[in-house]
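Beneath this line is the structure, given in structure tokens, with notes to follow.
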Amino acid sequence: MMSNPNNGTNNNNDNDFDEHTNEVLRTSSLSIVVVGASGDLAKKKTYPSLFALFKDKLLPSNTKLWGYARSKSTDADFRNKIRPYLEESAKKAGGTPAQITSFLDSCFYQSGPSYGDIPSYRALSKSIQEYEASLTKNQKNRLFYFAIPPNVFGETGVAIKQTCMTSGKNNWTRLIVEKPFGRDLESFEELNATLSKHFHEEHLYRIDHYLGKEMVQNLHVLRFANTWFERCWNADNIQCVLLTFKEPFGTEGRGGYFDQYGIIRDILQNHLLQVLTLMCMEAPSVLEGPRAGKAIRDAKVAVLNAIVPIELEDCVLGQYEGYADDPTITNKQTNCPTYCLMKVKIRTPRWQGVPIFLRAGKAMNEKKAEMRIQFKDAPASEYLFQGLDCPRNELVMRLQPNEAVYMKTNVKSPGFTAQPIQTELEVNYDARFFKGSAKCNPDAYTRLIFDVLRGKQSAFVRDDELRRAWELFTPVLHRIENENIQPQIYKQGSRGPDSADTFLSQYYKRNEQYVYNTNTPESSSIPKSVSTDTVKTANIVSSSKPTKKKPILKNKKDLCDIGLMGLAVMGQNFALNMADHGFRVAVGNRSPAKVTTTVERAKAEGNLPIVGCMSVAELIGSLKKPRRVVILVQAGKPVDDTIAQLSQYMEKDDIIIDGGNEWYPNSVRRAATLKEEGIRFLGMGISGGEEGARYGPALMPGGPRSAYEACAKIFEKCAATTKAYGPCTGYLGPIGSGNYVKMVHNGIEYGDMQLIAEVYDVCKSLLRMSNAEIAATFLSWNTGDELNSYLMEITCTILKKDDDRGRRGQVLDYILDKTGMKGTGRWTVQEAAERSVPIPTITAALDGRFLSGRKEERVEAELALNGPASSNEKVSSSTRARILEDLRQALFASKVCSYAQGMSLIQTASAEFDWNIPLAECARIWMGGCIIRAKLLLPILKAYESNPTLNNLMMDPLYFRNALNKSQNAWRRVVAYAVTHGIAVPAIGASLTYYDSYRRGRLPANLTQAQRDYFGSHTYKRTDNTSDEACHTIWSDTHYDKSNKPSSSSKTTKKYNKPSYSSEFELDDGEMLA
């Protein structure tokens, strides 16, 4: 029985929705007042949610609704205004036109000059009382929904308290209050004091709609109804937790409002923090029943009290490029963050040492809200699988889009390899529970409003939760504002600031190869080592082809030559590049604002022929046949999503070109799927950065030759061009080959950058040269043929650039020595391991980036670990000149090794996958437009033209063999000089080691093989035996086997067959357990 809420008590505020509660709702009357009824929130969320309850008969039969706002309107006009929103909602959640009309007949409207106007509320109260007087029902309840800004909560609450409270023993009045609940601790306390003065906590339902989402409410059941779940839910098993909210669009006209709050207040301090408390709380005493509201919220407050106050140093702040261009933002120098990655620490036994990340951003690469728990590495996996990558397990609870729970689980790779790959054990709610049904999952607002009717407060925010939340966040928010902390600029449509990924990578290990397949109930990543045929069989595809849709057709005279989807900076620039060369380009994007921006850029840059399309259907309908569409979106899932959208409108022989940095098996997988629909697919690497995309990149396409030839005219016009060797593009081979060549290109780029950095370090640290002196030296080297390159050119510019924030010296000296990466270098090293191709220069470069990321460890080690005694002795000018010449030769020789390793990897993969990639063509394409363009590529081109099957570039008799022989002494002096003085030159040293290992006819591998034979009976081959026989030596008495005991005259057996060990298990690489 509910008592009168006017006295501040409610003994049954958490009644279960049992038969008694159902009966109470059925036999009562309900008056609902939506304050702020003319606003977007009311029209888009509140009224559609109330209609959903109405059409499912979950509102009392005697329910009337009043809207209150400042704008004047009649009841009929108001109903017409909200009808379209109800009709749109009915398409998704069900509802007939008759039900909509019936619901609207119960809706009325009251206007007032302000939200606290007492006479207007008296008139509203009179209407409610007249309605209630006409009923014979015993219980008469009132619900007020505050869809208004927080600055008018106070006056609205006062007006309601004075005029509209219900009376009677069993009647209740409840207020639903929307966020934001203040903007810092002080404003919250002021707001809370005003409401608390007139209402008890039992009256107030502070709504955070995330607490009404299926997956968030599911946390209670997942955690406490599954034995396995709670047992692994602790610091012993969990590596880190990541709560993410992403939107693919910016403020889009709401910048004026957003700029007052920012992403931290808008998302992290409320939505994500609320989810965190439910994930991390200890088990409450009860989850359902009258005491559940208090028990659950007490447990949440305990988590909040254990959180360490947020520090700015644990945050990465970002602002998307062009944010301040929103005309509603008045402060064009705003430092308002639109992105934040925040590390949270909880001091409890369960969570001590587990980093928990809150991440939210606008104008990002996808729409997503999820809870992601990454578990620790499988014990000893690096030994059990002989160094093969064994990705970490993850439990993912996706809130949107398409609510689902899935566990990223490792399974065996299809085919002959035992490499672990990741797939999902998944429950998709729509597919599992609503497939083939007219029913759907109720949305968050519908659930929460229904909870209010039932008096259930467990999914609403209590005042002490908010107080503690603001205590945690207010200091860092004030510091950002008071100290004018500047966010890092990130590109629209990206993952956010690069430094955020770098920061996160210290704790969270991202599986770059994993792709969540949204087209099937289950999905699979493709292993790094599989062949083209294996990839096709490994792909899990739907047995039924997707339903084709009709594009919006244009007049033939208006058709475009090519389309482009994905209008981040690279996409915009490549579209403008194609249009600049006379091709008519149709452009599209998930966020329509970028389409408009691109069209405006096209007009400003010479009225270029770019046609903006606001839908995929329009874009496909705007193209000549066969249709050609370039995709330039984030690698992975966004590519799959975009292909799915495009292909449903495309026909046989149409062409999709993916121009992103993509892992080659993904391209093979996509090509195989699209081939079933007759759609041709090209995977094309694009190098040259933003400037290259606009004015001429290097293009590396791979796929069906017919598809390339259909696009060749466009590619050749838009690519960079060299006078002697033409456009920097050309057909490289079947699908996967273009992505592979681009991947290796990026690996060589890693090596080249690391080599230059090491020479810079020697010049700076040992030769005591200034930035200007190093720039002058590099500039002189860049005039010759050996070291002339784009990377040397930009390095000279970087070295001379004065600090852009007014500090003394160059900006280079203020850049943190932690290098970011996007993953292609890692792919290259992984691929080399799979193909058994040594690439030590590129591997050293990748290791250098990994080590740079351990900044805190390095700073600590600098104080603890000794190096050679430092010397302040000044280097003479003659000595400096000699060392600089040695450095020049060492840089050249090492650079040759980097190219030799990259070419060797391409050659090996090409032979294994039957791609027939012409290495001379790779060198020709790289000669212009791309990041590794250099004069050195000319002799590389000539080397492979002269001998297309050249095993190693170092053996080229035309140039490189002699050049390396001449440089090797200087090369050795540089390594010795650096090592003697304690300066790490990992890439230069690795290059020299590669050279020395390759030039030696005999290596100490004989000892390694003997060791393997000793402990694992792995056998070996003898140098004095020309046959292919395997030999094994009985190295000691412990190696005897009764069934295979050698004669006393010999300890070596030929044609050796390993004995079958009945009581032993043989492990990889020979270890044996009794």
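Each chain of the structure tokens is named A, B, ... in the order shown, its residues numbered from 1; ligands are numbered from 1 in display order.
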
Any idea what's packed within 12 Å of Pro840 of chain A, counting only C-alpha atoms, ignoring anything in its chain fewer than 4 positions away? Could you give it as a PyMOL selection string? chain A and resi 747-748+750-751+828-829+832-833+836+844-848+894+897-902+905+986-995+997-998

Save out the residues we just selected, N, CA and C atoms, as an mmCIF file, in the first residue's frame.
data_model
loop_
_atom_site.group_PDB
_atom_site.id
_atom_site.type_symbol
_atom_site.label_atom_id
_atom_site.label_comp_id
_atom_site.auth_asym_id
_atom_site.auth_seq_id
_atom_site.Cartn_x
_atom_site.Cartn_y
_atom_site.Cartn_z
ATOM 1 N N GLY A 747 55.941 -0.483 -43.617
ATOM 2 C CA GLY A 747 57.011 -1.059 -42.820
ATOM 3 C C GLY A 747 58.358 -0.435 -43.164
ATOM 4 N N ILE A 748 58.631 -0.264 -44.457
ATOM 5 C CA ILE A 748 59.869 0.409 -44.882
ATOM 6 C C ILE A 748 59.881 1.846 -44.354
ATOM 7 N N TYR A 750 58.508 2.871 -41.587
ATOM 8 C CA TYR A 750 58.890 2.781 -40.171
ATOM 9 C C TYR A 750 60.407 2.717 -40.052
ATOM 10 N N GLY A 751 61.018 1.819 -40.863
ATOM 11 C CA GLY A 751 62.462 1.663 -40.793
ATOM 12 C C GLY A 751 63.203 2.934 -41.152
ATOM 13 N N THR A 828 53.349 -5.691 -40.685
ATOM 14 C CA THR A 828 54.498 -6.070 -41.507
ATOM 15 C C THR A 828 55.398 -7.048 -40.764
ATOM 16 N N VAL A 829 55.658 -6.755 -39.494
ATOM 17 C CA VAL A 829 56.522 -7.633 -38.699
ATOM 18 C C VAL A 829 55.852 -8.987 -38.473
ATOM 19 N N ALA A 832 56.101 -10.943 -41.679
ATOM 20 C CA ALA A 832 57.455 -11.451 -41.898
ATOM 21 C C ALA A 832 57.684 -12.717 -41.087
ATOM 22 N N ALA A 833 57.183 -12.739 -39.867
ATOM 23 C CA ALA A 833 57.321 -13.937 -39.034
ATOM 24 C C ALA A 833 56.546 -15.106 -39.642
ATOM 25 N N SER A 836 58.490 -16.355 -42.575
ATOM 26 C CA SER A 836 59.895 -16.687 -42.253
ATOM 27 C C SER A 836 60.866 -15.825 -43.044
ATOM 28 N N ALA A 844 63.249 -3.614 -35.642
ATOM 29 C CA ALA A 844 63.896 -2.715 -34.677
ATOM 30 C C ALA A 844 63.155 -1.373 -34.603
ATOM 31 N N ALA A 845 62.655 -0.913 -35.747
ATOM 32 C CA ALA A 845 61.906 0.342 -35.759
ATOM 33 C C ALA A 845 60.613 0.208 -34.965
ATOM 34 N N LEU A 846 59.945 -0.929 -35.126
ATOM 35 C CA LEU A 846 58.714 -1.160 -34.368
ATOM 36 C C LEU A 846 59.018 -1.275 -32.880
ATOM 37 N N ASP A 847 60.083 -2.016 -32.550
ATOM 38 C CA ASP A 847 60.477 -2.128 -31.146
ATOM 39 C C ASP A 847 60.827 -0.767 -30.564
ATOM 40 N N GLY A 848 61.433 0.086 -31.388
ATOM 41 C CA GLY A 848 61.759 1.433 -30.932
ATOM 42 C C GLY A 848 60.513 2.209 -30.538
ATOM 43 N N SER A 894 72.088 1.324 -44.291
ATOM 44 C CA SER A 894 70.961 0.795 -43.516
ATOM 45 C C SER A 894 69.657 0.960 -44.276
ATOM 46 N N CYS A 897 69.263 -1.747 -46.689
ATOM 47 C CA CYS A 897 68.833 -2.980 -46.025
ATOM 48 C C CYS A 897 67.328 -2.960 -45.762
ATOM 49 N N SER A 898 66.794 -1.816 -45.373
ATOM 50 C CA SER A 898 65.361 -1.706 -45.107
ATOM 51 C C SER A 898 64.562 -2.014 -46.368
ATOM 52 N N TYR A 899 64.976 -1.439 -47.509
ATOM 53 C CA TYR A 899 64.308 -1.732 -48.783
ATOM 54 C C TYR A 899 64.508 -3.196 -49.181
ATOM 55 N N ALA A 900 65.723 -3.720 -48.971
ATOM 56 C CA ALA A 900 65.995 -5.112 -49.327
ATOM 57 C C ALA A 900 65.080 -6.063 -48.557
ATOM 58 N N GLN A 901 64.879 -5.782 -47.271
ATOM 59 C CA GLN A 901 64.020 -6.623 -46.439
ATOM 60 C C GLN A 901 62.565 -6.530 -46.891
ATOM 61 N N GLY A 902 62.100 -5.319 -47.167
ATOM 62 C CA GLY A 902 60.727 -5.138 -47.624
ATOM 63 C C GLY A 902 60.468 -5.833 -48.938
ATOM 64 N N LEU A 905 60.225 -9.565 -48.511
ATOM 65 C CA LEU A 905 58.944 -9.987 -47.957
ATOM 66 C C LEU A 905 57.858 -10.010 -49.033
ATOM 67 N N PRO A 986 69.315 0.904 -32.630
ATOM 68 C CA PRO A 986 68.811 -0.451 -32.903
ATOM 69 C C PRO A 986 68.606 -0.745 -34.381
ATOM 70 N N ALA A 987 68.116 0.229 -35.147
ATOM 71 C CA ALA A 987 67.843 -0.036 -36.557
ATOM 72 C C ALA A 987 69.129 -0.068 -37.377
ATOM 73 N N ILE A 988 70.051 0.852 -37.097
ATOM 74 C CA ILE A 988 71.340 0.832 -37.802
ATOM 75 C C ILE A 988 72.106 -0.439 -37.442
ATOM 76 N N GLY A 989 72.105 -0.794 -36.141
ATOM 77 C CA GLY A 989 72.792 -2.014 -35.704
ATOM 78 C C GLY A 989 72.158 -3.256 -36.298
ATOM 79 N N ALA A 990 70.822 -3.301 -36.333
ATOM 80 C CA ALA A 990 70.132 -4.455 -36.900
ATOM 81 C C ALA A 990 70.405 -4.579 -38.397
ATOM 82 N N SER A 991 70.516 -3.444 -39.067
ATOM 83 C CA SER A 991 70.810 -3.458 -40.496
ATOM 84 C C SER A 991 72.192 -4.039 -40.754
ATOM 85 N N LEU A 992 73.162 -3.626 -39.944
ATOM 86 C CA LEU A 992 74.517 -4.147 -40.103
ATOM 87 C C LEU A 992 74.555 -5.646 -39.797
ATOM 88 N N THR A 993 73.832 -6.053 -38.773
ATOM 89 C CA THR A 993 73.765 -7.485 -38.436
ATOM 90 C C THR A 993 73.122 -8.278 -39.576
ATOM 91 N N TYR A 994 72.103 -7.715 -40.180
ATOM 92 C CA TYR A 994 71.461 -8.362 -41.324
ATOM 93 C C TYR A 994 72.456 -8.537 -42.463
ATOM 94 N N TYR A 995 73.199 -7.482 -42.747
ATOM 95 C CA TYR A 995 74.219 -7.522 -43.802
ATOM 96 C C TYR A 995 75.263 -8.589 -43.496
ATOM 97 N N SER A 997 75.086 -11.173 -41.406
ATOM 98 C CA SER A 997 74.527 -12.530 -41.385
ATOM 99 C C SER A 997 74.303 -13.037 -42.800
ATOM 100 N N TYR A 998 73.813 -12.170 -43.670
ATOM 101 C CA TYR A 998 73.507 -12.591 -45.030
ATOM 102 C C TYR A 998 74.768 -12.909 -45.827
#

Please identify all polymer residues within 6 Å of segment 934-936 of chain A, counting only C-alpha atoms, omitting same-chain residues fewer than 4 positions from it, and present them as a short mmCIF file (atom, residue, chain, number, x, y, z; two decimals) with C-alpha atoms, in the first residue's frame.
data_model
loop_
_atom_site.label_atom_id
_atom_site.label_comp_id
_atom_site.auth_asym_id
_atom_site.auth_seq_id
_atom_site.Cartn_x
_atom_site.Cartn_y
_atom_site.Cartn_z
CA ASP A 785 71.39 10.75 -55.03
CA GLU A 786 71.88 8.35 -52.14
CA ASN A 788 67.57 12.41 -51.33
CA SER A 789 64.04 11.63 -50.10
#

So, with only C-alpha atoms as the atoms that count, which of A:Val896, A:Asp498, A:Lys332, A:His981 lies closest to Tyr959 of chain A?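 Counting only C-alpha atoms, the residue closest to Tyr959 of chain A is A:Val896.
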
Tell me which protein, DNA and RNA residues are within 8 Å of Ala698 of chain A, counting only C-alpha atoms, leaving out same-chain ones fewer than 3 positions away, and put them as a count of residues only. 13

Nearest to Asp314 of chain A, restricted to only C-alpha atoms and choosing among A:Ala500, A:Glu749, A:Asn270, A:Ile485, comes out as A:Ala500

Please provide as a PDB file with N, CA, C and O atoms, in the first residue's frame all residues within 6 Å of segment 142-159 of chain A, with the sequence filter that same-chain residues fewer than 5 positions apart are discarded (counting only C-alpha atoms).
ATOM      1  N   LEU A  30      -4.452   8.553 -13.806  1.00  0.00           N
ATOM      2  CA  LEU A  30      -3.123   9.148 -13.905  1.00  0.00           C
ATOM      3  C   LEU A  30      -3.190  10.416 -14.736  1.00  0.00           C
ATOM      4  O   LEU A  30      -3.713  10.406 -15.852  1.00  0.00           O
ATOM      5  N   SER A  31      -2.660  11.481 -14.173  1.00  0.00           N
ATOM      6  CA  SER A  31      -2.518  12.745 -14.900  1.00  0.00           C
ATOM      7  C   SER A  31      -1.027  12.986 -15.114  1.00  0.00           C
ATOM      8  O   SER A  31      -0.250  13.044 -14.154  1.00  0.00           O
ATOM      9  N   ILE A  32      -0.614  13.083 -16.382  1.00  0.00           N
ATOM     10  CA  ILE A  32       0.797  13.289 -16.728  1.00  0.00           C
ATOM     11  C   ILE A  32       0.959  14.693 -17.285  1.00  0.00           C
ATOM     12  O   ILE A  32       0.214  15.105 -18.189  1.00  0.00           O
ATOM     13  N   VAL A  33       1.943  15.422 -16.753  1.00  0.00           N
ATOM     14  CA  VAL A  33       2.253  16.759 -17.247  1.00  0.00           C
ATOM     15  C   VAL A  33       3.687  16.753 -17.761  1.00  0.00           C
ATOM     16  O   VAL A  33       4.621  16.460 -17.003  1.00  0.00           O
ATOM     17  N   VAL A  34       3.847  17.041 -19.052  1.00  0.00           N
ATOM     18  CA  VAL A  34       5.185  17.141 -19.651  1.00  0.00           C
ATOM     19  C   VAL A  34       5.540  18.616 -19.711  1.00  0.00           C
ATOM     20  O   VAL A  34       4.982  19.379 -20.511  1.00  0.00           O
ATOM     21  N   VAL A  35       6.454  19.034 -18.853  1.00  0.00           N
ATOM     22  CA  VAL A  35       6.874  20.428 -18.802  1.00  0.00           C
ATOM     23  C   VAL A  35       8.003  20.619 -19.825  1.00  0.00           C
ATOM     24  O   VAL A  35       9.022  19.935 -19.767  1.00  0.00           O
ATOM     25  N   GLY A  36       7.805  21.555 -20.752  1.00  0.00           N
ATOM     26  CA  GLY A  36       8.737  21.707 -21.867  1.00  0.00           C
ATOM     27  C   GLY A  36       8.268  20.884 -23.050  1.00  0.00           C
ATOM     28  O   GLY A  36       9.074  20.338 -23.813  1.00  0.00           O
ATOM     29  N   TYR A 115       8.251  29.123 -16.988  1.00  0.00           N
ATOM     30  CA  TYR A 115       8.093  27.783 -16.424  1.00  0.00           C
ATOM     31  C   TYR A 115       7.733  27.818 -14.948  1.00  0.00           C
ATOM     32  O   TYR A 115       7.449  26.771 -14.358  1.00  0.00           O
ATOM     33  N   GLY A 116       7.750  28.992 -14.345  1.00  0.00           N
ATOM     34  CA  GLY A 116       7.366  29.101 -12.939  1.00  0.00           C
ATOM     35  C   GLY A 116       6.176  30.011 -12.722  1.00  0.00           C
ATOM     36  O   GLY A 116       5.968  30.506 -11.603  1.00  0.00           O
ATOM     37  N   ILE A 118       2.840  31.041 -11.658  1.00  0.00           N
ATOM     38  CA  ILE A 118       1.858  30.449 -10.748  1.00  0.00           C
ATOM     39  C   ILE A 118       0.449  30.465 -11.345  1.00  0.00           C
ATOM     40  O   ILE A 118      -0.249  29.433 -11.296  1.00  0.00           O
ATOM     41  N   THR A 173       2.378  11.954  -6.039  1.00  0.00           N
ATOM     42  CA  THR A 173       2.894  12.909  -7.028  1.00  0.00           C
ATOM     43  C   THR A 173       4.379  12.614  -7.215  1.00  0.00           C
ATOM     44  O   THR A 173       5.126  12.553  -6.235  1.00  0.00           O
ATOM     45  N   ARG A 174       4.802  12.413  -8.434  1.00  0.00           N
ATOM     46  CA  ARG A 174       6.205  12.097  -8.713  1.00  0.00           C
ATOM     47  C   ARG A 174       6.735  12.987  -9.821  1.00  0.00           C
ATOM     48  O   ARG A 174       6.006  13.336 -10.754  1.00  0.00           O
ATOM     49  N   LEU A 175       8.019  13.331  -9.720  1.00  0.00           N
ATOM     50  CA  LEU A 175       8.679  14.215 -10.682  1.00  0.00           C
ATOM     51  C   LEU A 175       9.831  13.468 -11.341  1.00  0.00           C
ATOM     52  O   LEU A 175      10.701  12.927 -10.650  1.00  0.00           O
ATOM     53  N   ILE A 176       9.812  13.434 -12.655  1.00  0.00           N
ATOM     54  CA  ILE A 176      10.958  12.919 -13.408  1.00  0.00           C
ATOM     55  C   ILE A 176      11.808  14.115 -13.827  1.00  0.00           C
ATOM     56  O   ILE A 176      11.332  15.004 -14.533  1.00  0.00           O
ATOM     57  N   VAL A 177      13.072  14.104 -13.413  1.00  0.00           N
ATOM     58  CA  VAL A 177      13.960  15.243 -13.652  1.00  0.00           C
ATOM     59  C   VAL A 177      15.065  14.804 -14.601  1.00  0.00           C
ATOM     60  O   VAL A 177      15.797  13.841 -14.331  1.00  0.00           O
ATOM     61  N   THR A 194      17.287  23.538  -3.822  1.00  0.00           N
ATOM     62  CA  THR A 194      15.990  24.104  -4.226  1.00  0.00           C
ATOM     63  C   THR A 194      14.928  23.015  -4.319  1.00  0.00           C
ATOM     64  O   THR A 194      13.813  23.167  -3.798  1.00  0.00           O
TER      65      THR A 194
END

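Going from atom CA of Leu564 of chain A to atom CA of Ala672 of chain A covers 21.8 Å.
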
Looking only at the backbone, which of the residues in segment 618-658 of chain A does DSSP tag as strand (DSSP E or B), as a ChimeraX atom specification? /A:623,628-631,655-658

Output file for the residues above (all heavy atoms, as a PDB file, in the first residue's frame):
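Saved file again.pdb follows:
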ATOM      1  N   LEU A 623      25.577   7.401 -60.513  1.00  0.00           N
ATOM      2  CA  LEU A 623      26.800   6.941 -61.176  1.00  0.00           C
ATOM      3  C   LEU A 623      26.530   6.271 -62.521  1.00  0.00           C
ATOM      4  O   LEU A 623      25.537   5.576 -62.699  1.00  0.00           O
ATOM      5  CB  LEU A 623      27.535   5.948 -60.268  1.00  0.00           C
ATOM      6  CG  LEU A 623      27.969   6.463 -58.890  1.00  0.00           C
ATOM      7  CD1 LEU A 623      28.602   5.341 -58.089  1.00  0.00           C
ATOM      8  CD2 LEU A 623      28.924   7.641 -59.030  1.00  0.00           C
ATOM      9  N   ARG A 628      31.426   2.802 -60.072  1.00  0.00           N
ATOM     10  CA  ARG A 628      32.706   2.706 -59.368  1.00  0.00           C
ATOM     11  C   ARG A 628      32.626   3.577 -58.123  1.00  0.00           C
ATOM     12  O   ARG A 628      32.331   4.771 -58.216  1.00  0.00           O
ATOM     13  CB  ARG A 628      33.845   3.177 -60.271  1.00  0.00           C
ATOM     14  CG  ARG A 628      34.025   2.334 -61.521  1.00  0.00           C
ATOM     15  CD  ARG A 628      34.877   3.001 -62.574  1.00  0.00           C
ATOM     16  NE  ARG A 628      34.196   4.120 -63.215  1.00  0.00           N
ATOM     17  CZ  ARG A 628      34.603   4.720 -64.334  1.00  0.00           C
ATOM     18  NH1 ARG A 628      35.686   4.275 -64.955  1.00  0.00           N
ATOM     19  NH2 ARG A 628      33.940   5.726 -64.851  1.00  0.00           N
ATOM     20  N   VAL A 629      32.896   2.993 -56.965  1.00  0.00           N
ATOM     21  CA  VAL A 629      32.812   3.733 -55.702  1.00  0.00           C
ATOM     22  C   VAL A 629      34.081   3.491 -54.894  1.00  0.00           C
ATOM     23  O   VAL A 629      34.453   2.343 -54.638  1.00  0.00           O
ATOM     24  CB  VAL A 629      31.589   3.317 -54.870  1.00  0.00           C
ATOM     25  CG1 VAL A 629      31.509   4.168 -53.602  1.00  0.00           C
ATOM     26  CG2 VAL A 629      30.301   3.440 -55.669  1.00  0.00           C
ATOM     27  N   VAL A 630      34.739   4.569 -54.505  1.00  0.00           N
ATOM     28  CA  VAL A 630      35.908   4.496 -53.623  1.00  0.00           C
ATOM     29  C   VAL A 630      35.431   4.653 -52.183  1.00  0.00           C
ATOM     30  O   VAL A 630      34.624   5.530 -51.879  1.00  0.00           O
ATOM     31  CB  VAL A 630      36.931   5.606 -53.959  1.00  0.00           C
ATOM     32  CG1 VAL A 630      38.094   5.570 -52.974  1.00  0.00           C
ATOM     33  CG2 VAL A 630      37.439   5.451 -55.383  1.00  0.00           C
ATOM     34  N   ILE A 631      35.921   3.793 -51.301  1.00  0.00           N
ATOM     35  CA  ILE A 631      35.636   3.894 -49.867  1.00  0.00           C
ATOM     36  C   ILE A 631      36.888   4.404 -49.166  1.00  0.00           C
ATOM     37  O   ILE A 631      37.971   3.850 -49.335  1.00  0.00           O
ATOM     38  CB  ILE A 631      35.259   2.525 -49.282  1.00  0.00           C
ATOM     39  CG1 ILE A 631      33.998   1.978 -49.926  1.00  0.00           C
ATOM     40  CG2 ILE A 631      35.072   2.617 -47.775  1.00  0.00           C
ATOM     41  CD1 ILE A 631      33.665   0.563 -49.465  1.00  0.00           C
ATOM     42  N   ILE A 655      31.866  -1.868 -59.252  1.00  0.00           N
ATOM     43  CA  ILE A 655      33.194  -1.978 -58.629  1.00  0.00           C
ATOM     44  C   ILE A 655      33.219  -1.164 -57.332  1.00  0.00           C
ATOM     45  O   ILE A 655      32.816   0.001 -57.310  1.00  0.00           O
ATOM     46  CB  ILE A 655      34.293  -1.458 -59.573  1.00  0.00           C
ATOM     47  CG1 ILE A 655      34.263  -2.234 -60.897  1.00  0.00           C
ATOM     48  CG2 ILE A 655      35.665  -1.558 -58.916  1.00  0.00           C
ATOM     49  CD1 ILE A 655      35.073  -1.564 -61.993  1.00  0.00           C
ATOM     50  N   ILE A 656      33.729  -1.787 -56.271  1.00  0.00           N
ATOM     51  CA  ILE A 656      34.011  -1.088 -55.013  1.00  0.00           C
ATOM     52  C   ILE A 656      35.518  -1.081 -54.814  1.00  0.00           C
ATOM     53  O   ILE A 656      36.181  -2.108 -54.954  1.00  0.00           O
ATOM     54  CB  ILE A 656      33.312  -1.769 -53.818  1.00  0.00           C
ATOM     55  CG1 ILE A 656      31.792  -1.675 -53.959  1.00  0.00           C
ATOM     56  CG2 ILE A 656      33.754  -1.144 -52.503  1.00  0.00           C
ATOM     57  CD1 ILE A 656      31.031  -2.406 -52.864  1.00  0.00           C
ATOM     58  N   ILE A 657      36.059   0.085 -54.488  1.00  0.00           N
ATOM     59  CA  ILE A 657      37.506   0.232 -54.257  1.00  0.00           C
ATOM     60  C   ILE A 657      37.713   0.696 -52.828  1.00  0.00           C
ATOM     61  O   ILE A 657      37.279   1.794 -52.452  1.00  0.00           O
ATOM     62  CB  ILE A 657      38.143   1.267 -55.219  1.00  0.00           C
ATOM     63  CG1 ILE A 657      37.809   0.939 -56.680  1.00  0.00           C
ATOM     64  CG2 ILE A 657      39.639   1.350 -54.994  1.00  0.00           C
ATOM     65  CD1 ILE A 657      36.826   1.900 -57.304  1.00  0.00           C
ATOM     66  N   ASP A 658      38.353  -0.127 -51.994  1.00  0.00           N
ATOM     67  CA  ASP A 658      38.684   0.271 -50.628  1.00  0.00           C
ATOM     68  C   ASP A 658      40.064   0.907 -50.628  1.00  0.00           C
ATOM     69  O   ASP A 658      41.062   0.246 -50.900  1.00  0.00           O
ATOM     70  CB  ASP A 658      38.642  -0.943 -49.696  1.00  0.00           C
ATOM     71  CG  ASP A 658      39.050  -0.584 -48.265  1.00  0.00           C
ATOM     72  OD1 ASP A 658      39.016   0.620 -47.927  1.00  0.00           O
ATOM     73  OD2 ASP A 658      39.394  -1.498 -47.500  1.00  0.00           O
TER      74      ASP A 658
END

Show me, as a CSV table (one decimal) with N, CA, C and O atoms, in the first residue's frame, the residues that have an atom within 6 Å of Ala37 of chain A when counting only C-alpha atoms, minus same-chain residues fewer than 4 positions from it.
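Generated file (result_14.csv):
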chain,number,residue,atom,x,y,z
A,42,ALA,N,10.9,16.3,-25.5
A,42,ALA,CA,9.6,15.9,-25.3
A,42,ALA,C,9.0,15.2,-26.6
A,42,ALA,O,8.3,14.2,-26.5
A,67,GLY,N,0.6,19.0,-21.9
A,67,GLY,CA,1.9,19.5,-22.2
A,67,GLY,C,1.9,21.0,-21.7
A,67,GLY,O,0.9,21.7,-21.9
A,68,TYR,N,3.0,21.4,-21.1
A,68,TYR,CA,3.1,22.8,-20.7
A,68,TYR,C,4.4,23.3,-21.3
A,68,TYR,O,5.5,22.7,-21.2
A,69,ALA,N,4.3,24.5,-21.9
A,69,ALA,CA,5.5,25.2,-22.5
A,69,ALA,C,5.1,26.7,-22.6
A,69,ALA,O,4.0,27.1,-22.3

The residue from A:Leu287, A:Leu884, A:Met903, A:Leu276 with the smallest atom-to-atom distance to Leu358 of chain A, counting only C-alpha atoms, is A:Leu276

Calculated over only C-alpha atoms, which of the candidates A:Cys280, A:Arg961, A:Lys343, A:Ile207 has the smallest distance to Ala302 of chain A? A:Cys280

I'd like to know which of A:Ser28, A:Asn62, A:Ser765, A:Thr348 is closest to Trp172 of chain A, using only C-alpha atoms.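 Nearest candidate to Trp172 of chain A out of A:Ser28, A:Asn62, A:Ser765, A:Thr348: A:Ser28.
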